[in-house]
>>> print(open('input.csv').read())   # CSV, N, CA and C atoms
chain,number,residue,atom,x,y,z
A,1,MET,N,0.8,-1.2,0.0
A,1,MET,CA,0.0,0.0,0.0
A,1,MET,C,0.9,1.2,0.0
A,2,ALA,N,0.5,2.2,-0.8
A,2,ALA,CA,1.3,3.4,-0.9
A,2,ALA,C,0.9,4.4,0.3
A,3,THR,N,1.7,5.4,0.5
A,3,THR,CA,1.4,6.4,1.5
A,3,THR,C,0.2,7.2,1.0
A,4,ILE,N,-0.5,7.8,1.9
A,4,ILE,CA,-1.6,8.7,1.6
A,4,ILE,C,-1.4,10.1,2.2
A,5,ASP,N,-1.8,11.1,1.5
A,5,ASP,CA,-1.7,12.4,2.0
A,5,ASP,C,-3.0,12.7,2.8
A,6,VAL,N,-2.8,13.2,4.0
A,6,VAL,CA,-3.9,13.6,4.8
A,6,VAL,C,-3.9,15.1,5.1
A,7,THR,N,-5.1,15.6,5.3
A,7,THR,CA,-5.3,17.0,5.5
A,7,THR,C,-6.0,17.2,6.9
A,8,GLU,N,-6.2,18.4,7.3
A,8,GLU,CA,-6.9,18.7,8.5
A,8,GLU,C,-8.3,18.1,8.4
A,9,GLN,N,-8.9,18.1,7.2
A,9,GLN,CA,-10.3,17.5,7.0
A,9,GLN,C,-10.3,16.0,7.1
A,10,SER,N,-9.2,15.3,6.6
A,10,SER,CA,-9.3,13.9,6.6
A,10,SER,C,-8.5,13.2,7.7
A,11,PHE,N,-7.9,13.9,8.6
A,11,PHE,CA,-7.0,13.4,9.6
A,11,PHE,C,-7.8,12.5,10.6
A,12,ALA,N,-8.9,13.0,11.1
A,12,ALA,CA,-9.7,12.2,12.1
A,12,ALA,C,-10.3,11.0,11.4
A,13,GLU,N,-10.8,11.1,10.2
A,13,GLU,CA,-11.3,10.0,9.5
A,13,GLU,C,-10.3,8.9,9.3
A,14,THR,N,-9.1,9.3,9.0
A,14,THR,CA,-8.0,8.4,8.7
A,14,THR,C,-7.7,7.6,10.0
A,15,LEU,N,-7.7,8.3,11.2
A,15,LEU,CA,-7.5,7.6,12.4
A,15,LEU,C,-8.6,6.6,12.8
A,16,GLU,N,-9.8,7.1,12.4
A,16,GLU,CA,-11.0,6.3,12.7
A,16,GLU,C,-11.1,5.0,11.9
A,17,ASN,N,-10.6,5.0,10.7
A,17,ASN,CA,-10.7,3.9,9.8
A,17,ASN,C,-9.6,2.9,9.8
A,18,SER,N,-8.6,3.1,10.6
A,18,SER,CA,-7.4,2.2,10.6
A,18,SER,C,-7.0,1.9,12.1
A,19,GLU,N,-6.6,0.7,12.4
A,19,GLU,CA,-6.1,0.4,13.7
A,19,GLU,C,-4.8,1.0,14.0
A,20,ILE,N,-3.9,1.0,13.0
A,20,ILE,CA,-2.6,1.6,13.2
A,20,ILE,C,-2.3,2.6,12.1
A,21,VAL,N,-2.0,3.8,12.5
A,21,VAL,CA,-1.7,4.9,11.5
A,21,VAL,C,-0.3,5.5,11.9
A,22,PHE,N,0.6,5.5,10.9
A,22,PHE,CA,1.8,6.3,11.0
A,22,PHE,C,1.6,7.6,10.3
A,23,VAL,N,2.1,8.7,10.8
A,23,VAL,CA,2.0,10.0,10.2
A,23,VAL,C,3.4,10.6,10.1
A,24,ASP,N,3.8,11.0,8.9
A,24,ASP,CA,5.1,11.6,8.6
A,24,ASP,C,4.7,13.1,8.4
A,25,PHE,N,5.1,14.0,9.3
A,25,PHE,CA,5.0,15.4,9.1
A,25,PHE,C,6.2,15.9,8.4
A,26,TRP,N,6.1,16.5,7.2
A,26,TRP,CA,7.2,16.9,6.3
A,26,TRP,C,7.0,18.2,5.6
A,27,ALA,N,8.0,18.6,4.9
A,27,ALA,CA,7.9,19.8,4.0
A,27,ALA,C,8.9,19.6,2.8
A,28,ALA,N,8.5,20.1,1.7
A,28,ALA,CA,9.3,19.9,0.5
A,28,ALA,C,10.7,20.5,0.6
A,29,TRP,N,10.8,21.6,1.3
A,29,TRP,CA,12.1,22.3,1.4
A,29,TRP,C,13.1,21.6,2.4
A,30,CYS,N,12.6,20.6,3.1
A,30,CYS,CA,13.4,19.9,4.2
A,30,CYS,C,14.2,18.8,3.7
A,31,GLY,N,15.5,18.9,3.7
A,31,GLY,CA,16.4,17.9,3.2
A,31,GLY,C,16.2,16.5,4.0
A,32,PRO,N,16.2,16.5,5.3
A,32,PRO,CA,16.0,15.2,6.0
A,32,PRO,C,14.7,14.6,5.7
A,33,CYS,N,13.7,15.4,5.4
A,33,CYS,CA,12.3,14.9,5.0
A,33,CYS,C,12.4,14.2,3.7
A,34,ARG,N,13.1,14.8,2.7
A,34,ARG,CA,13.3,14.1,1.4
A,34,ARG,C,14.1,12.9,1.5
A,35,MET,N,15.1,12.8,2.4
A,35,MET,CA,15.9,11.6,2.6
A,35,MET,C,15.0,10.5,3.2
A,36,PHE,N,14.1,10.8,4.1
A,36,PHE,CA,13.3,9.9,4.9
A,36,PHE,C,12.2,9.3,4.0
A,37,ALA,N,11.7,10.1,3.0
A,37,ALA,CA,10.5,9.7,2.2
A,37,ALA,C,10.6,8.3,1.6
A,38,PRO,N,11.8,8.0,0.9
A,38,PRO,CA,11.8,6.6,0.3
A,38,PRO,C,11.8,5.5,1.4
A,39,THR,N,12.4,5.7,2.5
A,39,THR,CA,12.4,4.7,3.6
A,39,THR,C,11.0,4.5,4.1
A,40,TYR,N,10.2,5.6,4.2
A,40,TYR,CA,8.8,5.6,4.7
A,40,TYR,C,8.0,4.9,3.6
A,41,GLY,N,8.2,5.2,2.4
A,41,GLY,CA,7.4,4.6,1.3
A,41,GLY,C,7.7,3.1,1.2
A,42,LYS,N,8.9,2.6,1.4
A,42,LYS,CA,9.2,1.2,1.3
A,42,LYS,C,8.5,0.5,2.5
A,43,ALA,N,8.5,1.1,3.7
A,43,ALA,CA,7.9,0.5,4.9
A,43,ALA,C,6.4,0.4,4.6
A,44,ALA,N,5.8,1.4,3.9
A,44,ALA,CA,4.3,1.3,3.6
A,44,ALA,C,4.1,0.1,2.7
A,45,GLU,N,5.0,-0.2,1.8
A,45,GLU,CA,4.8,-1.3,0.9
A,45,GLU,C,4.9,-2.6,1.6
A,46,ARG,N,5.8,-2.7,2.6
A,46,ARG,CA,6.1,-3.9,3.4
A,46,ARG,C,5.0,-4.2,4.4
A,47,HIS,N,4.2,-3.2,4.8
A,47,HIS,CA,3.2,-3.3,5.8
A,47,HIS,C,1.8,-2.8,5.3
A,48,PRO,N,1.2,-3.6,4.4
A,48,PRO,CA,-0.1,-3.1,3.9
A,48,PRO,C,-1.2,-3.1,4.9
A,49,ASP,N,-1.0,-3.7,6.1
A,49,ASP,CA,-2.0,-3.7,7.2
A,49,ASP,C,-2.0,-2.4,8.0
A,50,ILE,N,-1.0,-1.5,7.7
A,50,ILE,CA,-0.9,-0.2,8.4
A,50,ILE,C,-1.1,0.9,7.4
A,51,THR,N,-1.8,2.0,7.9
A,51,THR,CA,-1.9,3.2,7.1
A,51,THR,C,-0.7,4.1,7.3
A,52,PHE,N,0.0,4.4,6.2
A,52,PHE,CA,1.1,5.3,6.3
A,52,PHE,C,0.7,6.7,5.7
A,53,ALA,N,0.5,7.7,6.5
A,53,ALA,CA,0.0,9.0,6.0
A,53,ALA,C,1.1,10.0,6.0
A,54,LYS,N,1.0,11.0,5.2
A,54,LYS,CA,1.9,12.1,5.1
A,54,LYS,C,1.2,13.4,5.3
A,55,VAL,N,1.7,14.3,6.0
A,55,VAL,CA,1.2,15.7,6.2
A,55,VAL,C,2.2,16.7,5.8
A,56,ASP,N,1.9,17.4,4.7
A,56,ASP,CA,2.7,18.5,4.2
A,56,ASP,C,2.5,19.7,5.2
A,57,THR,N,3.5,20.0,6.0
A,57,THR,CA,3.3,21.0,7.1
A,57,THR,C,3.2,22.4,6.5
A,58,GLU,N,3.6,22.6,5.2
A,58,GLU,CA,3.4,23.9,4.6
A,58,GLU,C,2.0,24.1,4.2
A,59,ALA,N,1.4,23.1,3.6
A,59,ALA,CA,0.0,23.1,3.1
A,59,ALA,C,-1.0,23.0,4.3
A,60,GLU,N,-0.6,22.3,5.3
A,60,GLU,CA,-1.5,21.9,6.5
A,60,GLU,C,-0.9,22.5,7.8
A,61,GLN,N,-0.8,23.9,7.8
A,61,GLN,CA,-0.2,24.5,8.9
A,61,GLN,C,-1.0,24.4,10.2
A,62,ALA,N,-2.3,24.4,10.0
A,62,ALA,CA,-3.2,24.3,11.2
A,62,ALA,C,-3.1,22.9,11.8
A,63,LEU,N,-3.0,21.9,11.0
A,63,LEU,CA,-2.9,20.5,11.5
A,63,LEU,C,-1.5,20.3,12.1
A,64,ALA,N,-0.5,20.9,11.5
A,64,ALA,CA,0.8,20.8,12.1
A,64,ALA,C,0.9,21.5,13.5
A,65,ALA,N,0.2,22.6,13.6
A,65,ALA,CA,0.2,23.3,14.9
A,65,ALA,C,-0.6,22.6,15.9
A,66,ALA,N,-1.7,22.0,15.5
A,66,ALA,CA,-2.6,21.2,16.4
A,66,ALA,C,-1.8,20.0,16.9
A,67,ALA,N,-0.9,19.4,16.1
A,67,ALA,CA,-0.1,18.3,16.5
A,67,ALA,C,1.2,18.7,17.2
A,68,ASN,N,1.3,20.0,17.5
A,68,ASN,CA,2.5,20.5,18.2
A,68,ASN,C,3.8,20.2,17.5
A,69,ILE,N,3.8,20.2,16.2
A,69,ILE,CA,5.0,19.9,15.4
A,69,ILE,C,6.0,21.1,15.5
A,70,THR,N,7.2,20.9,16.0
A,70,THR,CA,8.2,21.9,16.2
A,70,THR,C,9.4,21.7,15.3
A,71,ALA,N,9.5,20.5,14.8
A,71,ALA,CA,10.7,20.1,14.0
A,71,ALA,C,10.2,19.1,13.0
A,72,ILE,N,10.8,19.1,11.8
A,72,ILE,CA,10.4,18.1,10.8
A,72,ILE,C,11.7,17.5,10.2
A,73,PRO,N,11.6,16.2,9.8
A,73,PRO,CA,10.4,15.4,9.9
A,73,PRO,C,10.1,15.0,11.3
A,74,THR,N,8.8,14.8,11.6
A,74,THR,CA,8.3,14.2,12.8
A,74,THR,C,7.5,13.1,12.4
A,75,LEU,N,7.7,11.9,13.1
A,75,LEU,CA,7.0,10.7,12.9
A,75,LEU,C,6.1,10.5,14.1
A,76,MET,N,4.8,10.3,13.8
A,76,MET,CA,3.9,9.9,14.9
A,76,MET,C,3.2,8.6,14.5
A,77,ALA,N,2.9,7.8,15.6
A,77,ALA,CA,2.2,6.6,15.4
A,77,ALA,C,1.0,6.5,16.3
A,78,PHE,N,-0.2,6.1,15.7
A,78,PHE,CA,-1.4,6.0,16.5
A,78,PHE,C,-1.9,4.6,16.4
A,79,LYS,N,-2.3,4.1,17.5
A,79,LYS,CA,-3.0,2.7,17.6
A,79,LYS,C,-4.3,2.9,18.3
A,80,ASP,N,-5.4,2.4,17.7
A,80,ASP,CA,-6.7,2.6,18.2
A,80,ASP,C,-7.0,4.1,18.5
A,81,LYS,N,-6.6,4.9,17.6
A,81,LYS,CA,-6.8,6.4,17.7
A,81,LYS,C,-6.1,7.1,18.8
A,82,THR,N,-5.1,6.3,19.4
A,82,THR,CA,-4.3,6.9,20.5
A,82,THR,C,-2.9,7.1,20.1
A,83,LEU,N,-2.3,8.3,20.4
A,83,LEU,CA,-0.9,8.5,20.0
A,83,LEU,C,0.0,7.7,20.9
A,84,VAL,N,0.8,6.8,20.3
A,84,VAL,CA,1.7,5.9,21.0
A,84,VAL,C,3.1,6.2,20.8
A,85,PHE,N,3.4,7.0,19.8
A,85,PHE,CA,4.8,7.3,19.4
A,85,PHE,C,4.9,8.7,18.8
A,86,SER,N,5.9,9.5,19.1
A,86,SER,CA,6.1,10.8,18.5
A,86,SER,C,7.6,11.1,18.6
A,87,GLN,N,8.2,11.3,17.5
A,87,GLN,CA,9.7,11.6,17.5
A,87,GLN,C,10.1,12.5,16.3
A,88,PRO,N,10.7,13.6,16.5
A,88,PRO,CA,11.3,14.3,15.4
A,88,PRO,C,12.6,13.7,14.9
A,89,GLY,N,12.9,13.9,13.7
A,89,GLY,CA,14.1,13.4,13.1
A,89,GLY,C,13.8,12.2,12.2
A,90,ALA,N,14.7,12.0,11.2
A,90,ALA,CA,14.5,11.0,10.2
A,90,ALA,C,15.1,9.7,10.8
A,91,LEU,N,14.3,8.6,10.7
A,91,LEU,CA,14.8,7.3,11.1
A,91,LEU,C,15.4,6.6,9.9
A,92,ASN,N,16.3,5.7,10.2
A,92,ASN,CA,16.8,4.8,9.1
A,92,ASN,C,15.8,3.6,9.0
A,93,ALA,N,16.0,2.8,8.0
A,93,ALA,CA,15.1,1.7,7.7
A,93,ALA,C,14.9,0.8,8.9
A,94,THR,N,16.1,0.5,9.6
A,94,THR,CA,16.1,-0.4,10.7
A,94,THR,C,15.3,0.2,11.9
A,95,GLY,N,15.6,1.5,12.2
A,95,GLY,CA,14.9,2.2,13.3
A,95,GLY,C,13.4,2.3,13.0
A,96,LEU,N,13.0,2.5,11.8
A,96,LEU,CA,11.6,2.6,11.5
A,96,LEU,C,10.9,1.2,11.7
A,97,GLU,N,11.6,0.2,11.2
A,97,GLU,CA,11.0,-1.2,11.3
A,97,GLU,C,10.9,-1.5,12.8
A,98,GLU,N,11.8,-1.1,13.7
A,98,GLU,CA,11.7,-1.4,15.1
A,98,GLU,C,10.5,-0.7,15.7
A,99,VAL,N,10.3,0.5,15.3
A,99,VAL,CA,9.1,1.3,15.8
A,99,VAL,C,7.8,0.6,15.3
A,100,ILE,N,7.8,0.2,14.1
A,100,ILE,CA,6.6,-0.5,13.5
A,100,ILE,C,6.3,-1.7,14.3
A,101,GLN,N,7.3,-2.5,14.6
A,101,GLN,CA,7.1,-3.8,15.3
A,101,GLN,C,6.6,-3.5,16.8
A,102,GLU,N,7.2,-2.5,17.4
A,102,GLU,CA,6.8,-2.2,18.8
A,102,GLU,C,5.3,-1.7,18.8
A,103,VAL,N,4.9,-0.9,17.9
A,103,VAL,CA,3.5,-0.4,17.8
A,103,VAL,C,2.6,-1.6,17.6
A,104,LYS,N,3.0,-2.5,16.7
A,104,LYS,CA,2.1,-3.7,16.4
A,104,LYS,C,1.9,-4.5,17.7
A,105,LYS,N,3.0,-4.6,18.5
A,105,LYS,CA,2.9,-5.5,19.7
A,105,LYS,C,2.2,-4.8,20.9
A,106,LEU,N,2.0,-3.5,20.8
A,106,LEU,CA,1.4,-2.8,21.9
A,106,LEU,C,0.1,-3.4,22.3
A,107,ASP,N,-0.1,-3.7,23.6
A,107,ASP,CA,-1.4,-4.1,24.1
A,107,ASP,C,-2.1,-2.9,24.6
A,108,MET,N,-3.1,-2.4,23.8
A,108,MET,CA,-3.8,-1.2,24.1
A,108,MET,C,-4.7,-1.3,25.4
A,109,ASP,N,-5.2,-2.5,25.6
A,109,ASP,CA,-6.0,-2.7,26.8
A,109,ASP,C,-5.2,-2.5,28.1
A,110,LYS,N,-4.0,-3.1,28.0
A,110,LYS,CA,-3.0,-3.0,29.2
A,110,LYS,C,-2.6,-1.5,29.3
A,111,LEU,N,-2.3,-0.8,28.2
A,111,LEU,CA,-1.9,0.6,28.2
A,111,LEU,C,-3.0,1.4,28.8
A,112,ARG,N,-4.2,1.2,28.4
A,112,ARG,CA,-5.3,2.0,29.0
A,112,ARG,C,-5.5,1.7,30.5
A,113,ALA,N,-5.4,0.4,30.9
A,113,ALA,CA,-5.5,0.1,32.3
A,113,ALA,C,-4.4,0.7,33.1
A,114,ASP,N,-3.2,0.7,32.6
A,114,ASP,CA,-2.1,1.3,33.3
A,114,ASP,C,-2.3,2.8,33.4
A,115,ALA,N,-2.8,3.4,32.4
A,115,ALA,CA,-3.1,4.9,32.4
A,115,ALA,C,-4.2,5.2,33.4
A,116,ALA,N,-5.2,4.4,33.5
A,116,ALA,CA,-6.3,4.6,34.4
A,116,ALA,C,-5.8,4.6,35.9
A,117,ARG,N,-4.8,3.8,36.1
A,117,ARG,CA,-4.3,3.6,37.5
A,117,ARG,C,-3.4,4.8,37.9
A,118,GLN,N,-2.9,5.6,36.9
A,118,GLN,CA,-2.0,6.7,37.3
A,118,GLN,C,-2.8,7.8,38.0
A,119,PRO,N,-2.1,8.4,39.0
A,119,PRO,CA,-2.8,9.5,39.8
A,119,PRO,C,-2.9,10.7,38.8
A,120,ALA,N,-4.0,11.4,39.0
A,120,ALA,CA,-4.3,12.6,38.2
A,120,ALA,C,-3.3,13.7,38.4
>>> encode(input="input.csv", output="structure tokens")
Amino acid sequence: MATIDVTEQSFAETLENSEIVFVDFWAAWCGPCRMFAPTYGKAAERHPDITFAKVDTEAEQALAAAANITAIPTLMAFKDKTLVFSQPGALNATGLEEVIQEVKKLDMDKLRADAARQPA
């Protein structure tokens, strides 16, 4: 599966329709973003069960601001509509694969139960 472009209008729907969503916040002028793009695209092809989305921070400034993006590229991962990973900087193929596997293994019921037990 190829990557998809998401906008402020389609972001919530994308999270709603997929169990796991990775989001690459990028800009055309960003060298590290351009270097990360092929790695991200190849991961999307290897993992058709995951939605790999891209957000152009220049075109989608309100969405980037809402996501508190302060550096690009920034990679976020959501599982069951919950943010479970966020990190600025370009990952290499091995690093990205490690994050993908960790997100796939995450037990969301346990995560929610642990969060519920945390003091406010």
>>> closest_atom_pairs(input="input.csv", of="stretch 69-99 of chain A", to="stretch 5-16 of chain A", cutoff="8 Å", atoms="only N, CA and C atoms", output="Markdown table")
| residue | atom | partner | partner_atom | distance |
| --- | --- | --- | --- | --- |
| A:Phe78 | C | A:Leu15 | CA | 7.5 |
| A:Lys79 | C | A:Leu15 | C | 7.9 |
| A:Asp80 | C | A:Leu15 | C | 6.4 |
| A:Lys81 | CA | A:Leu15 | C | 5.2 |
| A:Thr82 | N | A:Leu15 | C | 7.5 |
>>> closest_residue(input="input.csv", among="A:Ala59, A:Val23, A:Ala28, A:Leu111", to="A:Gly41", atoms="only C-alpha atoms")
A:Val23
>>> atom_distance(input="input.csv", atom1="atom C of A:Ala64", atom2="atom C of A:Arg112")
26.9 Å
>>> residues_around(input="input.csv", residues="A:Met35", least_positions_apart="5", cutoff="12 Å", atoms="only C-alpha atoms", output="ChimeraX atom specification")
/A:26-30,40-41,72-73,89-93
>>> residues_around(input="input.csv", residues="A:Thr70", least_positions_apart="4", cutoff="12 Å", atoms="only C-alpha atoms", output="list of chain:residue names")
A:Phe25, A:Trp26, A:Thr57, A:Gln61, A:Ala64, A:Ala65, A:Ala66, A:Thr74, A:Leu75, A:Ser86, A:Gln87, A:Pro88, A:Gly89
>>> select_by_dssp(input="input.csv", residues="chain A", states="helix (DSSP H, G or I)", output="MDAnalysis selection string")
chainID A and resid 11:17 31:46 61:66 93:105 108:117
>>> atom_distance(input="input.csv", atom1="atom C of A:Lys105", atom2="atom CA of A:Val55")
25.2 Å
>>> atom_distance(input="input.csv", atom1="atom N of A:Pro32", atom2="atom CA of A:Thr3")
18.3 Å
>>> closest_residue(input="input.csv", among="A:Glu60, A:Asp24, A:Glu19, A:Glu45", to="A:Lys104", atoms="only C-alpha atoms")
A:Glu19
>>> select_by_dssp(input="input.csv", residues="chain A", states="strand (DSSP E)", output="count of residues only")
28
>>> closest_residue(input="input.csv", among="A:Phe22, A:Phe85, A:Ala2, A:Asn17", to="A:Pro48", atoms="only N, CA and C atoms")
A:Ala2
>>> closest_residue(input="input.csv", among="A:Ala77, A:Ala113, A:Ile4, A:Cys33", to="A:Lys54", atoms="all atoms listed in the file")
A:Ile4
>>> build_atoms(input="input.csv", residues="stretch 96-108 of chain A", atoms="N, CA, C and O atoms", output="tab-separated table (two decimals), in the coordinates of the input")
chain	number	residue	atom	x	y	z
A	96	LEU	N	13.00	2.50	11.80
A	96	LEU	CA	11.60	2.60	11.50
A	96	LEU	C	10.90	1.20	11.70
A	96	LEU	O	9.82	1.14	12.24
A	97	GLU	N	11.60	0.20	11.20
A	97	GLU	CA	11.00	-1.20	11.30
A	97	GLU	C	10.90	-1.50	12.80
A	97	GLU	O	9.86	-2.15	13.21
A	98	GLU	N	11.80	-1.10	13.70
A	98	GLU	CA	11.70	-1.40	15.10
A	98	GLU	C	10.50	-0.70	15.70
A	98	GLU	O	9.75	-1.29	16.49
A	99	VAL	N	10.30	0.50	15.30
A	99	VAL	CA	9.10	1.30	15.80
A	99	VAL	C	7.80	0.60	15.30
A	99	VAL	O	6.87	0.41	16.13
A	100	ILE	N	7.80	0.20	14.10
A	100	ILE	CA	6.60	-0.50	13.50
A	100	ILE	C	6.30	-1.70	14.30
A	100	ILE	O	5.12	-1.97	14.75
A	101	GLN	N	7.30	-2.50	14.60
A	101	GLN	CA	7.10	-3.80	15.30
A	101	GLN	C	6.60	-3.50	16.80
A	101	GLN	O	5.75	-4.23	17.29
A	102	GLU	N	7.20	-2.50	17.40
A	102	GLU	CA	6.80	-2.20	18.80
A	102	GLU	C	5.30	-1.70	18.80
A	102	GLU	O	4.58	-2.09	19.73
A	103	VAL	N	4.90	-0.90	17.90
A	103	VAL	CA	3.50	-0.40	17.80
A	103	VAL	C	2.60	-1.60	17.60
A	103	VAL	O	1.55	-1.72	18.21
A	104	LYS	N	3.00	-2.50	16.70
A	104	LYS	CA	2.10	-3.70	16.40
A	104	LYS	C	1.90	-4.50	17.70
A	104	LYS	O	0.86	-5.05	17.90
A	105	LYS	N	3.00	-4.60	18.50
A	105	LYS	CA	2.90	-5.50	19.70
A	105	LYS	C	2.20	-4.80	20.90
A	105	LYS	O	1.84	-5.53	21.79
A	106	LEU	N	2.00	-3.50	20.80
A	106	LEU	CA	1.40	-2.80	21.90
A	106	LEU	C	0.10	-3.40	22.30
A	106	LEU	O	-0.79	-3.55	21.47
A	107	ASP	N	-0.10	-3.70	23.60
A	107	ASP	CA	-1.40	-4.10	24.10
A	107	ASP	C	-2.10	-2.90	24.60
A	107	ASP	O	-1.85	-2.37	25.69
A	108	MET	N	-3.10	-2.40	23.80
A	108	MET	CA	-3.80	-1.20	24.10
A	108	MET	C	-4.70	-1.30	25.40
A	108	MET	O	-4.81	-0.38	26.11
